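Q: If you scroll down you'll find the structure; I have some questions about it.
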Number of protein chains: 2
Amino acid sequence: MEKPPTIKDVANLARVHAATASRALNPSTRAKVSTRTANRVLEAAKSLGYAPNSAARSLRTKTSSVAGVIIPDLRNPVFPPIVRGIEDALREAGYMALMGNTDGDEERERELLLAMRGRQTDGFILATGRRNDPQPEDRVPTVLVNRRTDSSEIPSVTNDNNAGVHATVQMLAELGHERIAHVAGPQALSTGWERYRAYLDAMAAHGLAVDPEWVTYSEAFTEEAGYEAAKRLQGGVTAIVAGNDLIALGCYSALEERGLECPTDVSVVGFNDMPFANRQRPALTTVRIPHYEMGLEAARLLLERIADPTAPAKRVILPVELIRRASVAAIKSVH
Amino acid sequence: MEKPPTIKDVANLARVHAATASRALNPSTRAKVSTRTANRVLEAAKSLGYAPNSAARSLRTKTSSVAGVIIPDLRNPVFPPIVRGIEDALREAGYMALMGNTDGDEERERELLLAMRGRQTDGFILATGRRNDPQPEDRVPTVLVNRRTDSSEIPSVTNDNNAGVHATVQMLAELGHERIAHVAGPQALSTGWERYRAYLDAMAAHGLAVDPEWVTYSEAFTEEAGYEAAKRLQGGVTAIVAGNDLIALGCYSALEERGLECPTDVSVVGFNDMPFANRQRPALTTVRIPHYEMGLEAARLLLERIADPTAPAKRVILPVELIRRASVAAIKSVH
DNA sequence: TTGTACGCGTTATCAA
DNA sequence: TTGATAACGCGTACAA
């Protein structure tokens with residue numbers, strides 16, 4: 001039950017004052033100490049298994065080397081690789097991640113932010129951003145990942161939703177599809193909104209009309225909500241551009257229920273290329289986003305931001321790639 | 001850029017001493033303060049938007065209300081729901097989770113433990129336990145989840161691997177299978193080992209012989225490793241009990257490569273019922289483990305343990321359920 | 001280059 | 001019931 005060694009113990013063993021030990025232990029102040037004593041201190045620290053008490057350090061420096069990571073729900077398969085990327089980049093810089101899930105509940109998000117701020121969090125990475133979220137009033141460095149706000153004051157890392165949907169529509173058009181539907185994601189989220197706008201854009205660019213019956217809105221980025229929205233689709237469409245992969249799976253269910261086959265009767269395309277999208281039945285055509293890299297980049301942006309809070313708010317947009325699988329087919333020739 | 005209010009500000013506003021304010025603010029010591037002054041302090045705190053500085057509190061109390069959660073890799077689909085359960089239970093108790101991934105690297109695990117301990121973590125939940133892991137020398141409360149050690153000194157929450165495999169073998173036997181193979185998980189992990197033992201047990205219980213050619217070992221619980229191990233299988237088996245779902249997917253690939261069809265030629269059963277197991281092709285028969293509940297239970301065990309470190313080390317085993325899907329079929333009658 | 005002195009914000013202990 | 005005081009471990013002006 002012996003207590004962990006403090007810097008004083010290290011100092012005693014090295015026959016120096018605690019202040020000197022502190023300087024020797026801290027890379028940024030090591031230059032202020034003679035190499036000989038510095039080495040003695042370092043050795044003493046090692047032999048004692050000294051680890052600095054971060055509470056004391058935080059109290060003194062107002063920093064904690066901890067970042068808060070807030071996401072809607074870890075069980076949505078998009079997030080694990082993003083979080084993993086965040087964690088890896090943070091760790092490289094000596095940071096750790098505090099995790100929290102909100103289930104999309106804004107009240108819960110506020111509570112989480114408060115609780116994490118109380119724990120001296122140095123910054124936040126939020127995957128929960130809504131398009132019209134206000135700039136946080138307090139000045140804790142914050143980065144958005146995957147989703148972003150309409151205004152450009154908060155740094156963000158997102159992917160090229162526009163290019164992804166354009167590539168999707170182009171592929172479908174080339175396969176002869178004209179009656180192309182869109183089961184859109186929530187319009188309060190940049191992902192849902194940008195993909196919807198891109199769908200309209202791309203259709204126009206290919207000279208394809210859009211019947212309002214071909215567009216429905218999913219309440220959430222879930223399989224269930226996608227299923228409900230897909231059921232409301234009318235007008236004999238031959239292809240569906242889904243707001244994301246989970247919504248696409250909901251479309252599968254709705255099609256099956258109507259006795260329609262994918263891709264023979266209706267082609268379906270998702271977005272995200274979430275894990276196991278290739279294992280679905282049929283294998284899902286989708287737009288691959290660089291999940292892990294988004295996490296990496298978001299964490300790096302946050303670290304930059306912590307280092308210099310006045311730096312301009314970058315908005316990083318990562319490239320995407322259309323992955324064609326079995327869920328799309330050329331349109332049946334009209335007989 | 002004004003600084004956040006401290007307990008002193010609250011005390012001044014309420015016209016009491018800081019110590020009194022502390023007592024009033026802290027639920028466990030509130031009784032030591034008259035109701036009238038307590039209310040005055042609480043109101044002052046509210047009007048100032050006071051939030052305690054947890055670094056100072058940690059420094060003083062040696063506790064942080066933070067738990068470390070260490071897992072192999074968040075991208076393994078088994079872990080997200082477990083972590084989510086952990087997080088939910090921790091939050092209910094005012095705790096937060098620090099996350100870390102090890103990729104199964106023991107060196108990295110040591111580093112993580114050290115770094116987290118330095119951050120005043122009150123306890124650990126490890127999903128990385130190996131059968132022969134030593135009891136941690138330091139006395140930080142620790143709970144294992146999903147995997148456990150052979151010795152019984154560390155509390156753990158696992159699932160009934162034995163019952164799950166027995167149910168699997170029984171189902172296969174009832175379908176007429178006799179040449180039942182096992183692609184085992186890593187034997188250094190309790191999950192891999194217990195399921196292997198259960199396979200041998202269950203085969204014996206049904207009077208079925210086990211040819212050594214029917215058993216291979218996967219290096220890891222991954223699709224790739226499962227594929228490699230499945231390729232080594234010999235002896236014309238008609239069913240495979242896979243160490244887990246990812247290994248089962250590897251078996252799918254190996255079978256396909258040999259031109260064998262599942263379930264027509266070979267039945268396959270996994271373990272875990274990970275998300276989207278029902279969406280695989282063919283839909284995977286598997287043993288459902290209560291992921292989320294395991295996380296909940298592990299966190300509760302940890303909280304108990306933190307409250308009373310001398311309490312006996314419970315080993316909780318949660319029930320499982322065999323989920324039959326399209327990947328198994330009755331054996332083809334011998335012609 | 002090293003030592004001294006102090007304060008970060010909180011809570012435990014002791015005295016009133 | 002309340003106030004005064006000290007201490008948690010560290011980092012940093014300042015002095016030597």
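Every chain in the structure tokens has a letter given in the order shown (A, B, ...), and although residue numbers restart at 1 in each chain, ligands are simply numbered from 1 in the order shown.
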Give me the residues near A:Gly118 as a list in words, where near means some atom within 7 Å (using only C-alpha atoms (C1' of nucleotides)) and where sequence neighbours in that chain fewer than 5 positions away do not count.

A: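 Neighbouring residues, sequence-local ones excluded: Ala51, Pro52, Asn53 and Ser54 of chain B.
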
Q: Those selected residues, please, written with C-alpha atoms and delivered as a PDB file, in the first residue's frame.

A:
ATOM      1  CA  ALA B  51     -18.447  23.949 -11.566  1.00  0.00           C
ATOM      2  CA  PRO B  52     -15.882  22.359  -9.286  1.00  0.00           C
ATOM      3  CA  ASN B  53     -12.344  22.116 -10.598  1.00  0.00           C
ATOM      4  CA  SER B  54     -11.817  18.415 -10.800  1.00  0.00           C
TER       5      SER B  54
END

Q: Dump as a list in words the residues of chain B that approach chain D to within 8 Å, counting only C-alpha atoms (C1' of nucleotides).

A: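 Filtering chain B at 8 Å from chain D with only C-alpha atoms (C1' of nucleotides) gives His17, Ala19, Thr20, Lys32, Val33, Ser34, Leu59, Arg60 and Thr61 of chain B.
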
Q: Can you spit out the residues from that selection as a short mmCIF file (atom, residue, chain, number, x, y, z; two decimals), in the first residue's frame, using all heavy atoms?

A:
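Written out: selection07.cif:
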data_model
loop_
_atom_site.label_atom_id
_atom_site.label_comp_id
_atom_site.auth_asym_id
_atom_site.auth_seq_id
_atom_site.Cartn_x
_atom_site.Cartn_y
_atom_site.Cartn_z
N HIS B 17 -17.47 30.89 4.69
CA HIS B 17 -16.10 30.52 4.41
C HIS B 17 -16.08 29.43 3.33
O HIS B 17 -17.03 28.67 3.18
CB HIS B 17 -15.43 30.00 5.68
CG HIS B 17 -13.93 29.86 5.53
ND1 HIS B 17 -13.34 28.71 5.08
CD2 HIS B 17 -12.93 30.74 5.76
CE1 HIS B 17 -12.02 28.88 5.04
NE2 HIS B 17 -11.75 30.11 5.45
N ALA B 19 -14.62 26.71 3.20
CA ALA B 19 -14.80 25.36 3.72
C ALA B 19 -16.28 25.03 3.88
O ALA B 19 -16.72 23.92 3.58
CB ALA B 19 -14.08 25.22 5.06
N THR B 20 -17.02 25.99 4.35
CA THR B 20 -18.45 25.77 4.51
C THR B 20 -19.12 25.57 3.16
O THR B 20 -19.98 24.70 2.99
CB THR B 20 -19.10 26.98 5.21
OG1 THR B 20 -18.37 27.26 6.40
CG2 THR B 20 -20.54 26.69 5.55
N LYS B 32 -23.69 18.43 7.48
CA LYS B 32 -22.92 19.15 8.49
C LYS B 32 -23.15 20.66 8.44
O LYS B 32 -22.48 21.42 9.13
CB LYS B 32 -21.41 18.88 8.27
CG LYS B 32 -21.08 17.42 8.23
CD LYS B 32 -19.60 17.25 7.92
CE LYS B 32 -18.99 16.24 8.88
NZ LYS B 32 -17.53 16.27 8.85
N VAL B 33 -24.04 21.07 7.57
CA VAL B 33 -24.29 22.50 7.39
C VAL B 33 -25.78 22.77 7.61
O VAL B 33 -26.62 21.95 7.26
CB VAL B 33 -23.89 22.91 5.95
CG1 VAL B 33 -24.37 24.32 5.64
CG2 VAL B 33 -22.38 22.80 5.80
N SER B 34 -26.09 23.91 8.20
CA SER B 34 -27.50 24.22 8.43
C SER B 34 -28.20 24.38 7.08
O SER B 34 -27.61 24.84 6.10
CB SER B 34 -27.64 25.51 9.22
OG SER B 34 -27.46 26.62 8.38
N LEU B 59 -6.56 16.10 -6.82
CA LEU B 59 -5.31 16.26 -6.09
C LEU B 59 -5.54 16.03 -4.60
O LEU B 59 -4.74 15.41 -3.91
CB LEU B 59 -4.77 17.67 -6.33
CG LEU B 59 -3.45 18.01 -5.66
CD1 LEU B 59 -2.38 17.04 -6.09
CD2 LEU B 59 -3.04 19.43 -6.00
N ARG B 60 -6.66 16.55 -4.15
CA ARG B 60 -6.97 16.47 -2.72
C ARG B 60 -7.50 15.09 -2.32
O ARG B 60 -7.13 14.55 -1.29
CB ARG B 60 -8.01 17.55 -2.42
CG ARG B 60 -8.39 17.68 -1.01
CD ARG B 60 -7.20 18.11 -0.17
NE ARG B 60 -7.59 17.99 1.23
CZ ARG B 60 -6.77 17.82 2.23
NH1 ARG B 60 -5.48 17.79 2.02
NH2 ARG B 60 -7.21 17.71 3.46
N THR B 61 -8.38 14.54 -3.12
CA THR B 61 -9.09 13.32 -2.72
C THR B 61 -8.49 12.04 -3.28
O THR B 61 -8.89 10.95 -2.89
CB THR B 61 -10.56 13.36 -3.17
OG1 THR B 61 -10.59 13.38 -4.60
CG2 THR B 61 -11.26 14.58 -2.64
#

Q: Grab the atom CA of B:Leu318 to atom CA of B:Asp150 distance for me, in Å with one decimal place.

A: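 For atom CA of B:Leu318 relative to atom CA of B:Asp150, the distance reads 17.4 Å.
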
Q: I'd like to know which of A:Thr37, A:Thr238, A:Asn159, A:Ser22 is closest to C:DT1, using only C-alpha atoms (C1' of nucleotides).

A: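 Among the listed residues, A:Thr37 lies closest to C:DT1.
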
Q: If you measure from atom CA of A:Leu255 to atom CA of A:Ala225, what distance in Å do you get, rounded to one decimal?

A: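 For atom CA of A:Leu255 relative to atom CA of A:Ala225, the distance reads 14.3 Å.
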
Q: Tell me the residues of chain C close to chain A, meaning within 12 Å using only C-alpha atoms (C1' of nucleotides), as a ChimeraX atom specification.

A: /C:1-10

Q: Counting only C-alpha atoms, which residues of chain B come no farther than 8 Å from chain A, as a ChimeraX atom specification?

A: /B:51-56,58-59,73-75,77,80-81,84,87,96-101,114,118-120,139,276,279-281

Q: Can you write out the residues you just picked, keeping N, CA, C and O atoms, as a short mmCIF file (atom, residue, chain, number, x, y, z; two decimals), in the first residue's frame?

A:
data_model
loop_
_atom_site.label_atom_id
_atom_site.label_comp_id
_atom_site.auth_asym_id
_atom_site.auth_seq_id
_atom_site.Cartn_x
_atom_site.Cartn_y
_atom_site.Cartn_z
N ALA B 51 -18.72 25.38 -11.36
CA ALA B 51 -18.45 23.95 -11.57
C ALA B 51 -17.13 23.65 -10.87
O ALA B 51 -16.14 24.36 -11.09
N PRO B 52 -17.12 22.64 -10.03
CA PRO B 52 -15.88 22.36 -9.29
C PRO B 52 -14.73 22.04 -10.23
O PRO B 52 -14.91 21.45 -11.29
N ASN B 53 -13.55 22.45 -9.84
CA ASN B 53 -12.34 22.12 -10.60
C ASN B 53 -11.90 20.72 -10.20
O ASN B 53 -11.44 20.49 -9.09
N SER B 54 -12.05 19.80 -11.16
CA SER B 54 -11.82 18.42 -10.80
C SER B 54 -10.34 18.11 -10.59
O SER B 54 -10.01 17.14 -9.93
N ALA B 55 -9.48 18.90 -11.18
CA ALA B 55 -8.05 18.67 -10.94
C ALA B 55 -7.73 18.92 -9.47
O ALA B 55 -7.05 18.11 -8.83
N ALA B 56 -8.23 20.01 -8.96
CA ALA B 56 -8.00 20.31 -7.55
C ALA B 56 -8.62 19.25 -6.66
O ALA B 56 -8.02 18.79 -5.69
N SER B 58 -9.24 16.15 -7.46
CA SER B 58 -8.48 14.91 -7.57
C SER B 58 -7.21 14.97 -6.74
O SER B 58 -6.84 14.01 -6.06
N LEU B 59 -6.56 16.10 -6.82
CA LEU B 59 -5.31 16.26 -6.09
C LEU B 59 -5.54 16.03 -4.60
O LEU B 59 -4.74 15.41 -3.91
N ASP B 73 -9.35 -3.61 -30.16
CA ASP B 73 -9.56 -2.72 -31.30
C ASP B 73 -11.05 -2.43 -31.44
O ASP B 73 -11.86 -3.33 -31.63
N LEU B 74 -11.36 -1.18 -31.36
CA LEU B 74 -12.75 -0.74 -31.44
C LEU B 74 -13.40 -1.17 -32.74
O LEU B 74 -14.63 -1.26 -32.84
N ARG B 75 -12.58 -1.44 -33.75
CA ARG B 75 -13.16 -1.80 -35.05
C ARG B 75 -13.63 -3.24 -35.11
O ARG B 75 -14.28 -3.64 -36.06
N PRO B 77 -16.28 -5.58 -34.33
CA PRO B 77 -17.67 -5.18 -34.06
C PRO B 77 -18.22 -5.69 -32.73
O PRO B 77 -19.30 -5.27 -32.33
N PRO B 80 -17.94 -2.27 -29.78
CA PRO B 80 -18.74 -1.06 -29.61
C PRO B 80 -19.94 -1.21 -28.66
O PRO B 80 -20.09 -0.40 -27.75
N PRO B 81 -20.76 -2.25 -28.81
CA PRO B 81 -21.88 -2.33 -27.87
C PRO B 81 -21.43 -2.55 -26.43
O PRO B 81 -22.07 -2.05 -25.50
N ARG B 84 -20.32 0.78 -25.19
CA ARG B 84 -21.49 1.62 -24.98
C ARG B 84 -22.16 1.29 -23.64
O ARG B 84 -22.59 2.18 -22.91
N GLU B 87 -20.11 2.68 -20.85
CA GLU B 87 -20.24 4.13 -20.75
C GLU B 87 -21.55 4.53 -20.08
O GLU B 87 -21.59 5.41 -19.22
N MET B 96 -16.77 8.95 -15.99
CA MET B 96 -16.53 9.02 -17.41
C MET B 96 -15.48 7.96 -17.78
O MET B 96 -14.77 7.45 -16.90
N ALA B 97 -15.39 7.68 -19.09
CA ALA B 97 -14.48 6.64 -19.55
C ALA B 97 -13.36 7.20 -20.40
O ALA B 97 -13.59 7.96 -21.33
N LEU B 98 -12.15 6.82 -20.06
CA LEU B 98 -10.98 7.08 -20.91
C LEU B 98 -10.76 5.84 -21.76
O LEU B 98 -10.68 4.74 -21.24
N MET B 99 -10.65 6.03 -23.09
CA MET B 99 -10.59 4.88 -23.99
C MET B 99 -9.18 4.62 -24.50
O MET B 99 -8.43 5.56 -24.76
N GLY B 100 -8.85 3.35 -24.69
CA GLY B 100 -7.58 3.02 -25.32
C GLY B 100 -7.62 1.69 -26.07
O GLY B 100 -8.28 0.76 -25.62
N ASN B 101 -6.94 1.64 -27.20
CA ASN B 101 -6.86 0.41 -28.00
C ASN B 101 -5.44 -0.14 -27.98
O ASN B 101 -4.47 0.63 -28.05
N LEU B 114 -0.18 2.65 -17.70
CA LEU B 114 0.67 3.61 -17.01
C LEU B 114 0.15 5.02 -17.23
O LEU B 114 -0.01 5.81 -16.28
N GLY B 118 -1.46 7.48 -14.42
CA GLY B 118 -0.94 8.81 -14.19
C GLY B 118 -2.03 9.86 -14.22
O GLY B 118 -1.90 10.92 -13.62
N ARG B 119 -3.10 9.57 -14.92
CA ARG B 119 -4.20 10.52 -14.98
C ARG B 119 -5.24 10.26 -13.90
O ARG B 119 -6.40 10.63 -14.03
N GLN B 120 -4.84 9.59 -12.85
CA GLN B 120 -5.70 9.42 -11.67
C GLN B 120 -6.90 8.56 -11.92
O GLN B 120 -7.94 8.73 -11.28
N ARG B 139 -2.73 -1.91 -6.83
CA ARG B 139 -4.04 -2.25 -6.32
C ARG B 139 -5.17 -1.42 -6.91
O ARG B 139 -6.16 -1.16 -6.26
N PHE B 276 -25.02 -7.23 -37.74
CA PHE B 276 -25.05 -7.60 -39.16
C PHE B 276 -24.73 -9.06 -39.43
O PHE B 276 -24.58 -9.46 -40.57
N ARG B 279 -27.13 -10.33 -41.63
CA ARG B 279 -27.10 -9.79 -42.98
C ARG B 279 -26.04 -10.45 -43.85
O ARG B 279 -25.85 -10.08 -45.00
N GLN B 280 -25.31 -11.37 -43.28
CA GLN B 280 -24.26 -12.02 -44.07
C GLN B 280 -24.89 -12.95 -45.10
O GLN B 280 -26.09 -13.25 -45.04
N ARG B 281 -24.07 -13.40 -46.01
CA ARG B 281 -24.56 -14.33 -47.00
C ARG B 281 -23.82 -15.64 -46.89
O ARG B 281 -22.63 -15.67 -47.22
#

Q: Give me the residues near stretch 43-47 of chain B as a ChimeraX atom specification, where near means some atom within 10 Å (using only C-alpha atoms (C1' of nucleotides)) and where sequence neighbours in that chain fewer than 5 positions away do not count.

A: /B:5-7,9-15,21,25,37-38,52

Q: Any chance you can output those residues with N, CA and C atoms as a PDB file, in the first residue's frame?

A:
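Here's the written file result.pdb:
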ATOM      1  N   PRO B   5     -15.556  30.604 -12.122  1.00  0.00           N
ATOM      2  CA  PRO B   5     -15.658  30.884 -10.687  1.00  0.00           C
ATOM      3  C   PRO B   5     -15.129  29.718  -9.861  1.00  0.00           C
ATOM      4  N   THR B   6     -14.500  30.054  -8.742  1.00  0.00           N
ATOM      5  CA  THR B   6     -14.017  29.010  -7.841  1.00  0.00           C
ATOM      6  C   THR B   6     -14.936  28.942  -6.626  1.00  0.00           C
ATOM      7  N   ILE B   7     -14.646  27.995  -5.793  1.00  0.00           N
ATOM      8  CA  ILE B   7     -15.482  27.825  -4.606  1.00  0.00           C
ATOM      9  C   ILE B   7     -15.375  29.057  -3.710  1.00  0.00           C
ATOM     10  N   ASP B   9     -15.293  32.168  -4.773  1.00  0.00           N
ATOM     11  CA  ASP B   9     -16.264  33.133  -5.271  1.00  0.00           C
ATOM     12  C   ASP B   9     -17.654  32.805  -4.742  1.00  0.00           C
ATOM     13  N   VAL B  10     -17.968  31.526  -4.779  1.00  0.00           N
ATOM     14  CA  VAL B  10     -19.272  31.097  -4.272  1.00  0.00           C
ATOM     15  C   VAL B  10     -19.386  31.449  -2.794  1.00  0.00           C
ATOM     16  N   ALA B  11     -18.319  31.137  -2.043  1.00  0.00           N
ATOM     17  CA  ALA B  11     -18.336  31.400  -0.607  1.00  0.00           C
ATOM     18  C   ALA B  11     -18.516  32.893  -0.324  1.00  0.00           C
ATOM     19  N   ASN B  12     -17.804  33.718  -1.047  1.00  0.00           N
ATOM     20  CA  ASN B  12     -17.932  35.166  -0.858  1.00  0.00           C
ATOM     21  C   ASN B  12     -19.362  35.621  -1.083  1.00  0.00           C
ATOM     22  N   LEU B  13     -19.923  35.155  -2.212  1.00  0.00           N
ATOM     23  CA  LEU B  13     -21.277  35.581  -2.540  1.00  0.00           C
ATOM     24  C   LEU B  13     -22.274  35.131  -1.470  1.00  0.00           C
ATOM     25  N   ALA B  14     -22.028  33.951  -0.905  1.00  0.00           N
ATOM     26  CA  ALA B  14     -22.962  33.423   0.098  1.00  0.00           C
ATOM     27  C   ALA B  14     -22.580  33.873   1.504  1.00  0.00           C
ATOM     28  N   ARG B  15     -21.519  34.647   1.611  1.00  0.00           N
ATOM     29  CA  ARG B  15     -21.052  35.180   2.892  1.00  0.00           C
ATOM     30  C   ARG B  15     -20.729  34.077   3.900  1.00  0.00           C
ATOM     31  N   ALA B  21     -18.709  26.366   2.210  1.00  0.00           N
ATOM     32  CA  ALA B  21     -19.267  26.215   0.870  1.00  0.00           C
ATOM     33  C   ALA B  21     -18.983  24.814   0.345  1.00  0.00           C
ATOM     34  N   LEU B  25     -21.768  22.156  -0.802  1.00  0.00           N
ATOM     35  CA  LEU B  25     -21.821  21.726  -2.197  1.00  0.00           C
ATOM     36  C   LEU B  25     -21.720  20.212  -2.334  1.00  0.00           C
ATOM     37  N   THR B  37     -28.012  28.009   5.405  1.00  0.00           N
ATOM     38  CA  THR B  37     -26.774  28.400   4.717  1.00  0.00           C
ATOM     39  C   THR B  37     -26.518  27.499   3.512  1.00  0.00           C
ATOM     40  N   ALA B  38     -26.856  26.220   3.649  1.00  0.00           N
ATOM     41  CA  ALA B  38     -26.658  25.319   2.513  1.00  0.00           C
ATOM     42  C   ALA B  38     -27.403  25.844   1.299  1.00  0.00           C
ATOM     43  N   PRO B  52     -17.117  22.638 -10.029  1.00  0.00           N
ATOM     44  CA  PRO B  52     -15.882  22.359  -9.286  1.00  0.00           C
ATOM     45  C   PRO B  52     -14.727  22.036 -10.228  1.00  0.00           C
TER      46      PRO B  52
END

Q: Please identify which residues in stretch 58-274 of chain A DSSP calls alpha helix (DSSP H) from the backbone, and express them as JSON, numbers by chain.

A: {"A": [58, 59, 60, 61, 79, 80, 81, 82, 83, 84, 85, 86, 87, 88, 89, 90, 91, 92, 106, 107, 108, 109, 110, 111, 112, 113, 114, 115, 116, 117, 118, 161, 162, 163, 164, 165, 166, 167, 168, 169, 170, 171, 172, 173, 174, 190, 191, 192, 193, 194, 195, 196, 197, 198, 199, 200, 201, 202, 203, 204, 205, 223, 224, 225, 226, 227, 228, 229, 230, 231, 245, 246, 247, 248, 249, 250, 251, 252, 253, 254, 255, 256, 257]}

Q: Ranking A:Ser327, A:Asn146, A:Thr158, A:Ser267 by minimum distance to A:Glu178 and counting only C-alpha atoms, which one comes first?

A: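 Once distances to A:Glu178 are computed over only C-alpha atoms, the minimum belongs to A:Ser267.
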
Q: If I take atom CA of B:Ile306 and atom CA of B:Leu113, how far is one from the other in Å, to one decimal?

A: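 Calculated distance between atom CA of B:Ile306 and atom CA of B:Leu113 is 16.8 Å.
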
Q: Taking the DSSP assignment computed from this structure's backbone, write out as a VMD selection string all residues of stretch 1-233 of chain A that belong to strand (DSSP E or B).

A: chain A and resid 66 to 71 96 to 101 123 to 126 142 to 145 156 to 159 180 to 184 215 to 217

Q: Write out the residues from the selection above, keeping N, CA and C atoms, as a tab-separated table (two decimals), in the first residue's frame.

A:
chain	number	residue	atom	x	y	z
A	66	VAL	N	-6.04	15.84	-22.19
A	66	VAL	CA	-7.20	14.98	-22.42
A	66	VAL	C	-8.16	15.71	-23.36
A	67	ALA	N	-8.66	14.99	-24.34
A	67	ALA	CA	-9.64	15.57	-25.25
A	67	ALA	C	-10.96	14.83	-25.10
A	68	GLY	N	-12.05	15.55	-25.21
A	68	GLY	CA	-13.38	14.93	-25.15
A	68	GLY	C	-13.83	14.55	-26.54
A	69	VAL	N	-14.33	13.34	-26.69
A	69	VAL	CA	-14.84	12.89	-27.98
A	69	VAL	C	-16.31	12.55	-27.81
A	70	ILE	N	-17.15	13.27	-28.51
A	70	ILE	CA	-18.59	13.07	-28.35
A	70	ILE	C	-19.21	12.64	-29.67
A	71	ILE	N	-19.88	11.52	-29.64
A	71	ILE	CA	-20.50	10.98	-30.85
A	71	ILE	C	-21.95	10.62	-30.54
A	96	MET	N	-5.07	11.69	-24.35
A	96	MET	CA	-6.02	10.60	-24.25
A	96	MET	C	-7.42	11.13	-24.55
A	97	ALA	N	-8.33	10.18	-24.81
A	97	ALA	CA	-9.69	10.57	-25.19
A	97	ALA	C	-10.71	10.16	-24.14
A	98	LEU	N	-11.54	11.11	-23.75
A	98	LEU	CA	-12.72	10.82	-22.92
A	98	LEU	C	-13.89	10.64	-23.88
A	99	MET	N	-14.62	9.53	-23.74
A	99	MET	CA	-15.68	9.21	-24.69
A	99	MET	C	-17.07	9.50	-24.14
A	100	GLY	N	-17.96	9.95	-25.02
A	100	GLY	CA	-19.36	10.10	-24.61
A	100	GLY	C	-20.31	9.93	-25.77
A	101	ASN	N	-21.45	9.30	-25.51
A	101	ASN	CA	-22.49	9.10	-26.52
A	101	ASN	C	-23.71	9.95	-26.18
A	123	GLY	N	-9.89	20.11	-25.09
A	123	GLY	CA	-10.58	20.39	-26.34
A	123	GLY	C	-11.59	19.31	-26.63
A	124	PHE	N	-12.37	19.54	-27.68
A	124	PHE	CA	-13.43	18.59	-28.02
A	124	PHE	C	-13.40	18.22	-29.49
A	125	ILE	N	-13.72	16.98	-29.76
A	125	ILE	CA	-14.01	16.56	-31.12
A	125	ILE	C	-15.45	16.07	-31.12
A	126	LEU	N	-16.28	16.73	-31.90
A	126	LEU	CA	-17.70	16.41	-31.91
A	126	LEU	C	-18.10	15.80	-33.24
A	142	THR	N	-12.46	23.34	-30.37
A	142	THR	CA	-13.43	22.33	-30.79
A	142	THR	C	-13.26	22.05	-32.28
A	143	VAL	N	-13.39	20.79	-32.64
A	143	VAL	CA	-13.33	20.39	-34.05
A	143	VAL	C	-14.52	19.48	-34.34
A	144	LEU	N	-15.13	19.68	-35.48
A	144	LEU	CA	-16.23	18.81	-35.88
A	144	LEU	C	-15.70	17.75	-36.84
A	145	VAL	N	-16.25	16.56	-36.73
A	145	VAL	CA	-15.85	15.50	-37.64
A	145	VAL	C	-17.09	14.85	-38.25
A	156	SER	N	-13.48	21.82	-39.15
A	156	SER	CA	-14.18	20.56	-39.36
A	156	SER	C	-13.42	19.68	-40.33
A	157	VAL	N	-13.67	18.38	-40.21
A	157	VAL	CA	-13.16	17.40	-41.15
A	157	VAL	C	-14.35	16.62	-41.67
A	158	THR	N	-14.65	16.79	-42.92
A	158	THR	CA	-15.77	16.05	-43.50
A	158	THR	C	-15.30	15.41	-44.78
A	159	ASN	N	-16.22	14.74	-45.47
A	159	ASN	CA	-15.82	14.15	-46.74
A	159	ASN	C	-16.62	14.79	-47.86
A	180	ILE	N	-34.68	8.05	-60.83
A	180	ILE	CA	-33.77	7.81	-59.71
A	180	ILE	C	-34.29	8.49	-58.45
A	181	ALA	N	-34.53	7.69	-57.41
A	181	ALA	CA	-35.09	8.24	-56.17
A	181	ALA	C	-34.00	8.60	-55.18
A	182	HIS	N	-34.37	9.36	-54.17
A	182	HIS	CA	-33.43	9.67	-53.08
A	182	HIS	C	-34.15	9.50	-51.74
A	183	VAL	N	-33.63	8.60	-50.93
A	183	VAL	CA	-34.12	8.51	-49.54
A	183	VAL	C	-33.11	9.27	-48.71
A	184	ALA	N	-33.46	10.51	-48.43
A	184	ALA	CA	-32.51	11.44	-47.83
A	184	ALA	C	-32.36	11.22	-46.33
A	215	VAL	N	-38.64	11.47	-53.73
A	215	VAL	CA	-37.77	11.88	-52.63
A	215	VAL	C	-38.50	11.76	-51.29
A	216	THR	N	-37.95	10.99	-50.39
A	216	THR	CA	-38.49	10.95	-49.02
A	216	THR	C	-37.35	11.19	-48.05
A	217	TYR	N	-37.74	11.49	-46.81
A	217	TYR	CA	-36.75	11.88	-45.81
A	217	TYR	C	-36.77	10.89	-44.64

Q: Show me, as a compact mmCIF listing (two decimals) with N, CA and C atoms, in the first residue's frame, the residues that have an atom within 9 Å of B:Glu213 when counting only C-alpha atoms (C1' of nucleotides), minus same-chain residues fewer than 6 positions from it.

A:
# COMPACT_ATOMS: atom_id res chain seq x y z
N ALA B 181 -16.29 -29.99 -37.48
CA ALA B 181 -14.97 -29.40 -37.27
C ALA B 181 -15.04 -28.22 -36.31
N ARG B 232 -6.72 -24.88 -43.61
CA ARG B 232 -5.94 -26.03 -43.14
C ARG B 232 -6.82 -27.23 -42.74
N LEU B 233 -8.11 -27.00 -42.73
CA LEU B 233 -9.05 -28.06 -42.33
C LEU B 233 -9.00 -29.22 -43.33
N GLN B 234 -9.02 -30.45 -42.81
CA GLN B 234 -8.98 -31.64 -43.66
C GLN B 234 -10.13 -32.57 -43.30
N GLY B 235 -10.31 -33.60 -44.10
CA GLY B 235 -11.12 -34.74 -43.67
C GLY B 235 -12.59 -34.68 -44.01
